[in-house]
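Okay, structure first, notes after.
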Amino acid sequence: MAGEAISTATTAPEPLADWDALAARARNLRRTKAVVLYAFLIAVSLPIILPYFWLVTIAFSAKTGVAETAVLWRSMAVVVPTVIALWLAAAFAQSRRQTWIGMAVIAAVAVIAFTLLVGPDLHVGNFIFLWEPDFASVVRSRIGEVKGAVQFPNVWHAFANSILIAGAQTAIVVTVASLAAYYLSRFQFPGRSAMLRSLLVLHAFPVMTLIVPMFLMLYWIGLLDTLAGVILVLVAFELPFAIFIMKGFFDAVPWDIEMSALTDGASRRQAFLKIVLPQVRNGILAIAVFTFIRGWEEYIFVFTFLIRNTNWTMSLYMYWARDDVMGVDYGVVSAVGVFYLVPSLILYMAAQRYLMQMSIGGVKG
C-alpha cells in the first residue's frame, strides 16, 4: 500500500503554469513601473526645463518696454503637453519603431501648434548687441531715456576673452593634471598619501576667503586687470580636482600593459604617450570639458580682478547688461543670456558620453 501511494504520488501530473497570465502580469507590472518613473521624471524636470524655455521665448518674442506675458503662456501651453506626451509615448510604446513614430507625430503637431500660436510674435530684434556695440544707448533711446553710464565693448570682443580664458585654462589644467596624476599613480615617494589628501582639502577650500589675498598678490606682481592673472588663479583652483580624477583613470590602466611596452624597448616617455595616455583619453576629454565650462562661466574672479571694459568676459557682459538695461528691455537681457548659454550647452551635449565615463572611471580608480 505504501509503495502504491508513493508510485501514485510520483506519477501524478503537475498542474501547468498559466504562462499567458504570467506574461500579462509581467507586462502590466513593467508598464506600471515605467509610468511611475516617467511621472517622477516629468515632475522633477519641468521646473528645470521651463526657466530655460522661458529665457529663449522672451529672447525671441519680447519687445522694448512691453511685458508680453501672453506669448509666454501660449508657448507654455504648447511645450508642457508636448513634453508629457513624449514621455508617455516612450512609456507605452510596444517597440522602438512605435516609439520613434509616436515621438515624430507628437513633435510635428507641436511644431505646427507653436508656429500658429507663437510664430507671428517671434523676431530677432533683441539680439541687437550682436551688430551694435553700444546697444544700451540704442535701447534707452527707444523710450526716450538718457544714455547709460556703462560703456559696453563689442560683444565679440568679450566672447573672444571668454574663449581665451577658458581655452588657456583648459590646456594648462589638462597638461599639468595628466603629468601629475600619472606620477602619483605610478610612483611611490615620501608624502604621497598626504599629497593625495591635500588635493581633496584644497578642492573643498572656500575660494571666497582668498579673494583679497589673491587681489593683492596679482597687484604686486603686475597681473591685476589682465587675462593672464585670471587664468593663473582659475588654474590653481581647478588643478586639485582634475589631478584627483585623472589619478583614478591612471589607476585603472593595468601596469602590465605599460611594463610590456618597457620590456619591448620603449622608454618611459614613449610608454606614457603611446600606451598609457590613449587609455585615459576619455578622462582627459571629460576634465577638459568641465574645465572649459568652468572658465567660460566664471564670474567672481573676473568681476574682482578685471577692471577695464576691454577685458570683459561674457559673464561680465551679462552682468552689466542686466544692471544697465534690465528695467528698460528685459528681452535684450534674455537674448544676451541665450547667446551666453549656447556655447557651453553645445559643448556639454557633444561631450555628454565622456562626462559619464569620467564619473565611472574616476570613481572606479
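Note on naming: chains are A, B, ... as they come in the C-alpha cells, residues start from 1 per chain, ligands start from 1 in the order shown.
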Would you write out, as a Markdown table, a table of all residues in range 204-269 of chain A that have an atom no more than 12 Å from an atom of range 166-177 of chain A, listing for each the closest atom pair and the distance in Å to one decimal, considering only C-alpha atoms and ordering rows by chain and rising residue number?
```
| residue | atom | partner | partner_atom | distance |
| --- | --- | --- | --- | --- |
| A:Leu227 | CA | A:Ala168 | CA | 10.0 |
| A:Ala228 | CA | A:Ala168 | CA | 9.1 |
| A:Gly229 | CA | A:Gln169 | CA | 11.0 |
| A:Val230 | CA | A:Gln169 | CA | 9.2 |
| A:Ile231 | CA | A:Gln169 | CA | 5.7 |
| A:Leu232 | CA | A:Gln169 | CA | 7.6 |
| A:Val233 | CA | A:Gln169 | CA | 9.4 |
| A:Leu234 | CA | A:Gln169 | CA | 7.0 |
| A:Val235 | CA | A:Gln169 | CA | 5.8 |
| A:Ala236 | CA | A:Val173 | CA | 8.6 |
| A:Phe237 | CA | A:Val173 | CA | 9.8 |
| A:Glu238 | CA | A:Val173 | CA | 7.1 |
| A:Leu239 | CA | A:Val173 | CA | 5.8 |
| A:Pro240 | CA | A:Ala177 | CA | 8.0 |
| A:Phe241 | CA | A:Ala177 | CA | 8.9 |
| A:Ala242 | CA | A:Ala177 | CA | 5.8 |
| A:Ile243 | CA | A:Ala177 | CA | 4.6 |
| A:Phe244 | CA | A:Ala177 | CA | 8.3 |
| A:Ile245 | CA | A:Ala177 | CA | 8.9 |
| A:Met246 | CA | A:Ala177 | CA | 6.9 |
| A:Lys247 | CA | A:Ala177 | CA | 8.6 |
| A:Gly248 | CA | A:Ala177 | CA | 11.7 |
| A:Phe249 | CA | A:Ala177 | CA | 11.6 |
| A:Phe250 | CA | A:Ala177 | CA | 11.3 |
```
Inset, instruction - Skip Phe159 in chain A itself and residues of its chain fewer than 5 positions away, then list as a PyMOL selection string all residues within 12 Å of it, counting only C-alpha atoms. - result: chain A and resi 130+153-154+164-167+296-297+310-318+336+339-343
Write the residues of the selection above to a file with C-alpha atoms, as a tab-separated table (two decimals), in the first residue's frame.
```
chain	number	residue	atom	x	y	z
A	130	LEU	CA	25.48	91.23	-31.97
A	153	PRO	CA	32.57	96.79	-25.53
A	154	ASN	CA	31.86	94.78	-28.63
A	164	LEU	CA	40.83	82.76	-24.39
A	165	ILE	CA	40.43	82.33	-20.63
A	166	ALA	CA	38.55	79.03	-20.90
A	167	GLY	CA	40.83	77.62	-23.62
A	296	TRP	CA	33.53	80.05	-19.57
A	297	GLU	CA	31.04	80.71	-16.78
A	310	THR	CA	38.28	95.85	-22.81
A	311	ASN	CA	38.96	92.84	-20.56
A	312	TRP	CA	35.32	91.95	-20.05
A	313	THR	CA	34.23	88.35	-20.47
A	314	MET	CA	30.75	87.13	-21.33
A	315	SER	CA	29.84	86.77	-17.67
A	316	LEU	CA	30.71	90.43	-17.04
A	317	TYR	CA	28.91	91.42	-20.22
A	318	MET	CA	25.83	89.59	-18.98
A	336	VAL	CA	22.34	88.04	-24.06
A	339	PHE	CA	23.94	83.89	-26.50
A	340	TYR	CA	25.95	83.23	-23.33
A	341	LEU	CA	24.32	79.83	-22.80
A	342	VAL	CA	24.63	78.33	-26.28
A	343	PRO	CA	28.42	77.55	-26.41
```
Legend entry - Selected residue, from A:Val83, A:Tyr348, A:Ala108, A:Arg30, that lies nearest to Ile42 in chain A when counting only C-alpha atoms: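 The shortest atom-to-atom distance to Ile42 in chain A comes from A:Val83.
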Inset, instruction - Based on DSSP run over this structure's backbone, return all residues of range 147-349 of chain A in alpha helix (DSSP H), as a ChimeraX atom specification. - result: /A:155-186,192-204,211-220,227-252,255-263,268-271,277-279,281-296,300-305,314-325,330-349
Legend entry - Atomic distance CA of Ser185 in chain A - CA of Asp251 in chain A, expressed in Å with one decimal: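 Computing the Euclidean distance for CA of Ser185 in chain A and CA of Asp251 in chain A yields 5.9 Å.
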Inset, instruction - May I have the residues within 12 Å of Met208 in chain A as an NGL selection string, using only C-alpha atoms and disregarding those fewer than 6 positions away in the same chain? - result: :A and (214-215 or 237 or 300-301 or 304)
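For the residues A:Val44, A:Val56, A:Ala85, A:Ala23, ranking by smallest atom-to-atom distance to Val338 in chain A using only C-alpha atoms places A:Val56 first.
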Legend entry - Nearest candidate to Gln151 in chain A (options A:Trp320, A:Phe205, A:Phe53, A:Phe189; using only C-alpha atoms): A:Trp320
Inset, instruction - Measuring atom to atom with only C-alpha atoms, identify which of A:Asp121, A:Asp323, A:Glu258, A:Asp225 is nearest to Phe60 in chain A. - result: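 Result for the nearest residue to Phe60 in chain A: A:Asp121.
Comparing the minimum interatomic distances between Asn28 in chain A and each of A:Tyr319, A:Tyr183, A:Trp220, A:Phe92, counting only C-alpha atoms, we find that A:Phe92 sits nearest.
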Inset, instruction - Using CA of Ala160 in chain A and CA of Leu224 in chain A as the two end points, give the distance in Å to one decimal. - result: 19.2 Å
Inset, instruction - Give me, please, the distance in Å between CA of Met349 in chain A and CA of Ala181 in chain A, quoted to one decimal. - result: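 Those two atoms sit 26.7 Å apart.
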Inset, instruction - Would you mind listing what lies within 10 Å of Val332 in chain A as an NGL selection string, with only C-alpha atoms counted and same-chain residues fewer than 3 positions away left out? - result: :A and (58-60 or 62-64 or 124-129 or 135-136 or 139 or 321-322 or 325-326 or 328-329 or 335-338)
Could you take the residues named above and write them with C-alpha atoms, as a CSV table (one decimal), in the first residue's frame?
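Saved result, selection00.csv, follows:
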```csv
chain,number,residue,atom,x,y,z
A,58,ILE,CA,11.4,86.0,-24.1
A,59,ALA,CA,14.7,86.5,-26.1
A,60,PHE,CA,12.8,85.8,-29.3
A,62,ALA,CA,9.7,90.3,-26.1
A,63,LYS,CA,9.6,93.9,-27.3
A,64,THR,CA,11.1,97.1,-25.8
A,124,VAL,CA,15.5,88.7,-33.6
A,125,GLY,CA,15.4,92.3,-32.7
A,126,ASN,CA,16.5,91.6,-29.1
A,127,PHE,CA,19.9,90.4,-30.5
A,128,ILE,CA,20.9,93.9,-31.4
A,129,PHE,CA,24.1,93.6,-29.3
A,135,PHE,CA,23.3,98.7,-27.9
A,136,ALA,CA,22.4,100.1,-24.4
A,139,VAL,CA,17.7,100.5,-26.3
A,321,ALA,CA,23.6,94.2,-19.5
A,322,ARG,CA,21.3,93.1,-16.7
A,325,VAL,CA,19.0,97.8,-19.3
A,326,MET,CA,17.0,95.3,-17.2
A,328,VAL,CA,14.2,99.0,-19.9
A,329,ASP,CA,14.3,95.9,-22.0
A,335,ALA,CA,18.9,87.4,-25.6
A,336,VAL,CA,22.3,88.0,-24.1
A,337,GLY,CA,21.6,85.1,-21.7
A,338,VAL,CA,20.8,82.8,-24.7
```
